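Shown next, in structure tokens, is the structure this report addresses.
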Number of protein chains: 4
Amino acid sequence: MITIIIDCADAKGLIYKITGVIAHLQLNITANREFVEKEKNRFYMRTCVDGDIQIDVLEAALKNVLPEDHTLILHTGRLKRLVVMVTKEEHCLTELISRYYFGNLKADILAVVGNHNHLKNYTEKFSIPYHYISHEGKSREEHEKEILDCIQSYQPDYIVLAKYMRILSESFTNHFQNKMINIHHSFLPAFKGANPYRQAYERGVKIIGATAHFVNQDLDEGPIICQEVLSVDHSLSSQDMSSAGKDVEKMVLAKAIQLVVEDRVYVTDNKTIVF
Amino acid sequence: MITIIIDCADAKGLIYKITGVIAHLQLNITANREFVEKEKNRFYMRTCVDGDIQIDVLEAALKNVLPEDHTLILHTGRLKRLVVMVTKEEHCLTELISRYYFGNLKADILAVVGNHNHLKNYTEKFSIPYHYISHEGKSREEHEKEILDCIQSYQPDYIVLAKYMRILSESFTNHFQNKMINIHHSFLPAFKGANPYRQAYERGVKIIGATAHFVNQDLDEGPIICQEVLSVDHSLSSQDMSSAGKDVEKMVLAKAIQLVVEDRVYVTDNKTIVF
Amino acid sequence: MITIIIDCADAKGLIYKITGVIAHLQLNITANREFVEKEKNRFYMRTCVDGDIQIDVLEAALKNVLPEDHTLILHTGRLKRLVVMVTKEEHCLTELISRYYFGNLKADILAVVGNHNHLKNYTEKFSIPYHYISHEGKSREEHEKEILDCIQSYQPDYIVLAKYMRILSESFTNHFQNKMINIHHSFLPAFKGANPYRQAYERGVKIIGATAHFVNQDLDEGPIICQEVLSVDHSLSSQDMSSAGKDVEKMVLAKAIQLVVEDRVYVTDNKTIVF
Amino acid sequence: MITIIIDCADAKGLIYKITGVIAHLQLNITANREFVEKEKNRFYMRTCVDGDIQIDVLEAALKNVLPEDHTLILHTGRLKRLVVMVTKEEHCLTELISRYYFGNLKADILAVVGNHNHLKNYTEKFSIPYHYISHEGKSREEHEKEILDCIQSYQPDYIVLAKYMRILSESFTNHFQNKMINIHHSFLPAFKGANPYRQAYERGVKIIGATAHFVNQDLDEGPIICQEVLSVDHSLSSQDMSSAGKDVEKMVLAKAIQLVVEDRVYVTDNKTIVF
């Protein structure tokens, strides 16, 4: 299966031209979704095709019918490669590893990198390498350099911040533009930054939530992939909110990763289109 | 705007052929959604097109490219015509009339028919005719005949049962195949029939709900359009559930009607495809 | 029925002492809920009692057993009196009036005040006075003075801002400390201020919502009563979000008002306890 | 901490008498919730107390003030002991074991019993005994006898059917009245019995769900503890529904178990009161 993602100026006849290429190459469309962003007059399409085709032949044929100003991405069905970063909290990691171990993640977890070693024993039970890279006694620059070297040795498609609790520098995140997925424990843009459950408690909100997003230079400002919420009331302490929120966090992160590794998420400006 | 709905055997190149017709007629696609039901190898498509075209020209051109065995429906943008049937409860009716009065229903309410007169004053405030057709002292046959004559005088597109609490005979409902929308106060197929909140209370469920569906011959067995639920707990009496459920009922019914009058709902077998 | 609300320092034996007063006065407890805020070591209780009692006798007896530093509120079952303020949007007003007209609001709507006259005809159908007090050609001070005089002539218990779209001055809102309920069309604290749906669209969130809260001096910063959310995706324009959000807004506001008029909401610091 | 659960005929002064016992024994109430079932005129209370007390002293003192016809249960804070039964599906088991391994289950998992061995390796990674007791070549009676002996050797408080896919006989389930918790993959009472996702697909519902309940003699008819749902549409095959439903199943089961092991669930007639 090949997944085609197209982003171009909208015009009459685009679907006809694109599906014409697919029909002439004798490919079968197994999934298809279009979206026109009217404010920007922009056309987006995700099409999955089956059939006997070389990817560069398909790419060339599609380029031929698309307007000059386009983005065209073709994904093969290859399993995506993930490296997961953690600190001490386990719930997101166990969710991902449990899915992976039983063949339900639709991606490979190559390694886990932690700035603490709390999750080492758990991870290694599943024969996944765990790299304990402490930040103690290192400058941020040194620490990030070590992590970067470790990650890059795996050539991952995506980095998953599964409750990695240290702020990463811009020079680090720049290596992974739209390739690093974070889970933030609030419904962004509410309660950015540190201690969102404490902030939520103090504001007296009746809903808490979690947000999975791509990481960019501004903390908690990257394109949002998924969000979910949970009703709370006055009787929850900020610690109770934190406990209750863990279930939402792990499910949102797992869902976001599933969408990303199935090539359903396309980033444009600072937003995602989730096909 | 014309809305095209297609139901045919799946085949390679269908989207290409259909969008080809649209492109050659110089029409602009403003919304497009396909769905392939794999178990039945069936292709469904809803496409909205803008442009200068006569509907029979478009129809003929589309028929030309579709497989023999197809259903093709073309809706113009004409506002749908509704007749609403009620008994005593007001919440669904007030929701529909409030939307209609302020121009948000995307349909016309031609008349309200009630087997009680509780809602007559309210309805008439909005200059909508209210037909009080009591069932008292009449056989079911006579009563339904009166209602039928009244409804048919309005030539409605759809009949809305907005908490009409009498069972309608098969010979009555047969007049309105896939044209009559009911709100049932449970998440079907749970708690069919009378007193669903009482049934829910006695079963001790933790969720109650409401279902909007087309009416067919078997009570509460028709194609489901929308469902929503509400969390409850042991502290609610069956009367409390009934009160709490009203909000869900009216919102589900209003949503279902909006989908139907926008030509987003297609019935196949005993299910709906909601584009 | 009398509803008792108590706020005092927590101590051993409080429930025993309070229910002792109730038992000795031969009253029957029909609802009872306590909550201890551990961070502040504060005890809160809401108890509904039935029986033959003068309210000042009950009050004196309760004060007798409560610690020095307490707040004690006793509500009789009298229907609360509401004045509703609107601008042009109808959905919150129709929800409240529909409930009121059919006896389901558990409060009286005494009057509607609008700075436009769009909703005058609708309101007057229900024999509710509508005061059209335009802001045109008036200073804010003059405009608010006119509104204040109008509202105060009704001696309402609560003011409901049912999509009243002008910012009210601190000197105005000070008249109604914890007595004025607003509906804001976002899940606060996200998207405070103007055009929250536009803000939500531009941020690319996957959830939108609405918040009913008491109004205080800082815009959108008052104690939150209820919040609800709605899932959205990339395909919604900011106008689509605004339309979709209306259903949530009106249901959240109606729910908040129901809680308030049933004396279930107690404000402490900048939070609500919703019993 | 001791958790007191009381079920008795309602009467004036009950809370006063009960909290009087607690006050006179110098105990501190840390949580308290009452509920009166009006249809049955029945009073239910759950109170958690801290302090220096022997449980039989407290029990005797409480019995002294309760009406003749009462049920009184006192739970100490001892961790509950669980045996989990599985077949092939892993998602509920991984959820429970992940929580247990990191100290978040508030209960001990003593052993896992499976009629297949698919989940043996996973379970044993966590040093939890896995008993593979195949049903092959055995009568139901023999098979259940083996399982029963195995379970009883652990003296568990509760048996968790974490997607155990064989029907258990009445003589088996009778051993564990209100002690066996099952997860059923539908929102009961809809879609009882086999293949609920297939049933849901064929009925064309727009919501699927999961129900955690105590097991009694009638399949899927026991007292419901928790239910949650998930929106679906026509595009999901019954296999898609099954995949999507797994997330709801495991979260509902985990939540139900947490409630049960915290002594928050009381069964009366065929319903649960969840305090």
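Ligands are numbered from 1 in the order shown, chains are lettered A, B, ... in the order of the structure tokens, and residues start at 1 in each chain.
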Sorted by chain and rising residue number, which residues of chain A lie within 9 Å of chain D, and what are their closest atom pairs and distances in Å to one decimal, counting only C-alpha atoms, as CSV?
```
residue,atom,partner,partner_atom,distance
A:Glu90,CA,D:Phe102,CA,7.6
A:His91,CA,D:Ser98,CA,7.9
A:Thr94,CA,D:Ser98,CA,6.4
A:Glu95,CA,D:Glu95,CA,7.8
A:Ser98,CA,D:Thr94,CA,6.4
A:Arg99,CA,D:His91,CA,8.1
A:Tyr101,CA,D:Tyr122,CA,8.9
A:Phe102,CA,D:Glu90,CA,7.6
A:Tyr122,CA,D:Phe126,CA,8.8
A:Lys125,CA,D:Lys125,CA,6.4
A:Phe126,CA,D:Lys125,CA,8.5
A:Asp247,CA,D:Met251,CA,8.0
A:Met251,CA,D:Asp247,CA,8.0
```
May I have the residues within 10 Å of B:Asn115 as a ChimeraX atom specification, using only C-alpha atoms and disregarding those fewer than 2 positions away in the same chain? /B:85-88,113,117-119,131-136,143,147,164-166
Separation of atom CA of C:Cys92 from atom CA of C:Ile183, in Å and rounded to one decimal: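 Between atom CA of C:Cys92 and atom CA of C:Ile183 the gap is 8.9 Å.
Picture a line from atom CA of A:Lys12 to atom CA of C:Gly204; it runs 26.7 Å.
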Got a sec: who's within 12 Å of D:Ile18, counting only C-alpha atoms, leaving out chain neighbours fewer than 5 positions off, as a ChimeraX atom specification? /C:13,15-17,19-20 /D:4-6,8,11-13,23-25,27,29,32,34,44-47,49,58-67,72
Please save N, CA and C atoms of the selected residues as a short mmCIF file (atom, residue, chain, number, x, y, z; two decimals), in the first residue's frame.
```cif
data_model
loop_
_atom_site.label_atom_id
_atom_site.label_comp_id
_atom_site.auth_asym_id
_atom_site.auth_seq_id
_atom_site.Cartn_x
_atom_site.Cartn_y
_atom_site.Cartn_z
N GLY C 13 -16.28 15.76 64.76
CA GLY C 13 -17.60 15.83 65.36
C GLY C 13 -18.55 16.85 64.74
N ILE C 15 -20.23 16.91 61.80
CA ILE C 15 -21.46 16.35 61.23
C ILE C 15 -22.39 15.92 62.36
N TYR C 16 -21.81 15.34 63.38
CA TYR C 16 -22.60 14.90 64.53
C TYR C 16 -23.33 16.08 65.17
N LYS C 17 -22.59 17.18 65.39
CA LYS C 17 -23.22 18.35 66.03
C LYS C 17 -24.32 18.94 65.15
N THR C 19 -26.03 17.53 62.59
CA THR C 19 -27.21 16.66 62.44
C THR C 19 -27.94 16.52 63.77
N GLY C 20 -27.23 16.76 64.85
CA GLY C 20 -27.89 16.77 66.17
C GLY C 20 -28.90 17.90 66.26
N ILE D 4 -16.78 2.00 56.54
CA ILE D 4 -18.05 1.49 57.07
C ILE D 4 -19.11 1.59 55.97
N ILE D 5 -19.80 0.50 55.69
CA ILE D 5 -20.93 0.58 54.76
C ILE D 5 -22.18 0.11 55.50
N ILE D 6 -23.22 0.95 55.41
CA ILE D 6 -24.47 0.68 56.13
C ILE D 6 -25.62 0.67 55.14
N CYS D 8 -29.80 0.21 55.63
CA CYS D 8 -30.90 -0.05 56.57
C CYS D 8 -32.13 0.75 56.17
N ALA D 11 -34.75 6.43 58.37
CA ALA D 11 -35.44 6.95 59.55
C ALA D 11 -34.83 8.30 59.89
N LYS D 12 -35.59 9.13 60.56
CA LYS D 12 -35.04 10.41 61.05
C LYS D 12 -33.91 10.14 62.01
N GLY D 13 -32.87 10.98 61.94
CA GLY D 13 -31.83 10.94 62.96
C GLY D 13 -30.74 9.90 62.75
N ALA D 23 -18.08 9.94 66.74
CA ALA D 23 -17.54 11.05 67.56
C ALA D 23 -17.15 10.56 68.95
N HIS D 24 -18.02 9.73 69.53
CA HIS D 24 -17.72 9.27 70.90
C HIS D 24 -16.52 8.34 70.94
N LEU D 25 -16.24 7.65 69.85
CA LEU D 25 -15.05 6.79 69.80
C LEU D 25 -13.82 7.59 69.38
N LEU D 27 -13.08 9.03 66.66
CA LEU D 27 -12.58 8.77 65.30
C LEU D 27 -12.80 9.99 64.42
N ILE D 29 -13.73 11.38 60.68
CA ILE D 29 -14.35 11.02 59.39
C ILE D 29 -13.53 11.62 58.26
N ASN D 32 -17.37 10.70 53.54
CA ASN D 32 -18.71 10.38 53.99
C ASN D 32 -19.68 10.61 52.86
N GLU D 34 -23.93 9.65 51.88
CA GLU D 34 -25.17 8.93 52.13
C GLU D 34 -26.03 8.94 50.88
N TYR D 44 -28.53 4.28 52.74
CA TYR D 44 -27.20 3.70 52.50
C TYR D 44 -26.15 4.75 52.88
N MET D 45 -25.08 4.30 53.46
CA MET D 45 -24.04 5.24 53.89
C MET D 45 -22.68 4.57 53.76
N ARG D 46 -21.71 5.32 53.31
CA ARG D 46 -20.31 4.87 53.32
C ARG D 46 -19.50 5.95 54.02
N THR D 47 -18.81 5.55 55.05
CA THR D 47 -18.03 6.49 55.85
C THR D 47 -16.64 5.90 56.07
N VAL D 49 -13.27 6.21 58.35
CA VAL D 49 -12.82 6.80 59.61
C VAL D 49 -11.37 6.44 59.89
N LEU D 58 -15.99 -1.04 67.21
CA LEU D 58 -16.74 -0.14 66.32
C LEU D 58 -18.00 -0.81 65.82
N GLU D 59 -17.87 -2.06 65.40
CA GLU D 59 -19.02 -2.79 64.86
C GLU D 59 -20.14 -2.90 65.90
N ALA D 60 -19.77 -3.27 67.11
CA ALA D 60 -20.78 -3.42 68.16
C ALA D 60 -21.46 -2.09 68.46
N ALA D 61 -20.67 -1.02 68.51
CA ALA D 61 -21.24 0.29 68.82
C ALA D 61 -22.20 0.74 67.73
N LEU D 62 -21.86 0.45 66.49
CA LEU D 62 -22.74 0.85 65.38
C LEU D 62 -24.02 0.02 65.39
N LYS D 63 -23.88 -1.28 65.58
CA LYS D 63 -25.06 -2.16 65.60
C LYS D 63 -26.08 -1.66 66.63
N ASN D 64 -25.53 -1.14 67.69
CA ASN D 64 -26.36 -0.63 68.78
C ASN D 64 -27.33 0.48 68.38
N VAL D 65 -26.93 1.29 67.39
CA VAL D 65 -27.78 2.43 67.01
C VAL D 65 -28.54 2.19 65.71
N LEU D 66 -28.26 1.07 65.04
CA LEU D 66 -28.93 0.83 63.75
C LEU D 66 -30.25 0.10 63.97
N PRO D 67 -31.21 0.32 63.06
CA PRO D 67 -32.45 -0.45 63.13
C PRO D 67 -32.16 -1.95 63.02
N LEU D 72 -24.38 -4.26 57.82
CA LEU D 72 -23.25 -3.43 58.24
C LEU D 72 -21.97 -4.14 57.80
#
```
Show me, as a list of chain:residue names, the residues that have an atom within 10 Å of D:Asp218 when counting only C-alpha atoms, minus same-chain residues fewer than 3 positions from it.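 Residues near the query, excluding close chain neighbours: D:Ser169, D:Glu170, D:Thr173, D:Val215, D:Glu221, D:Gly222.
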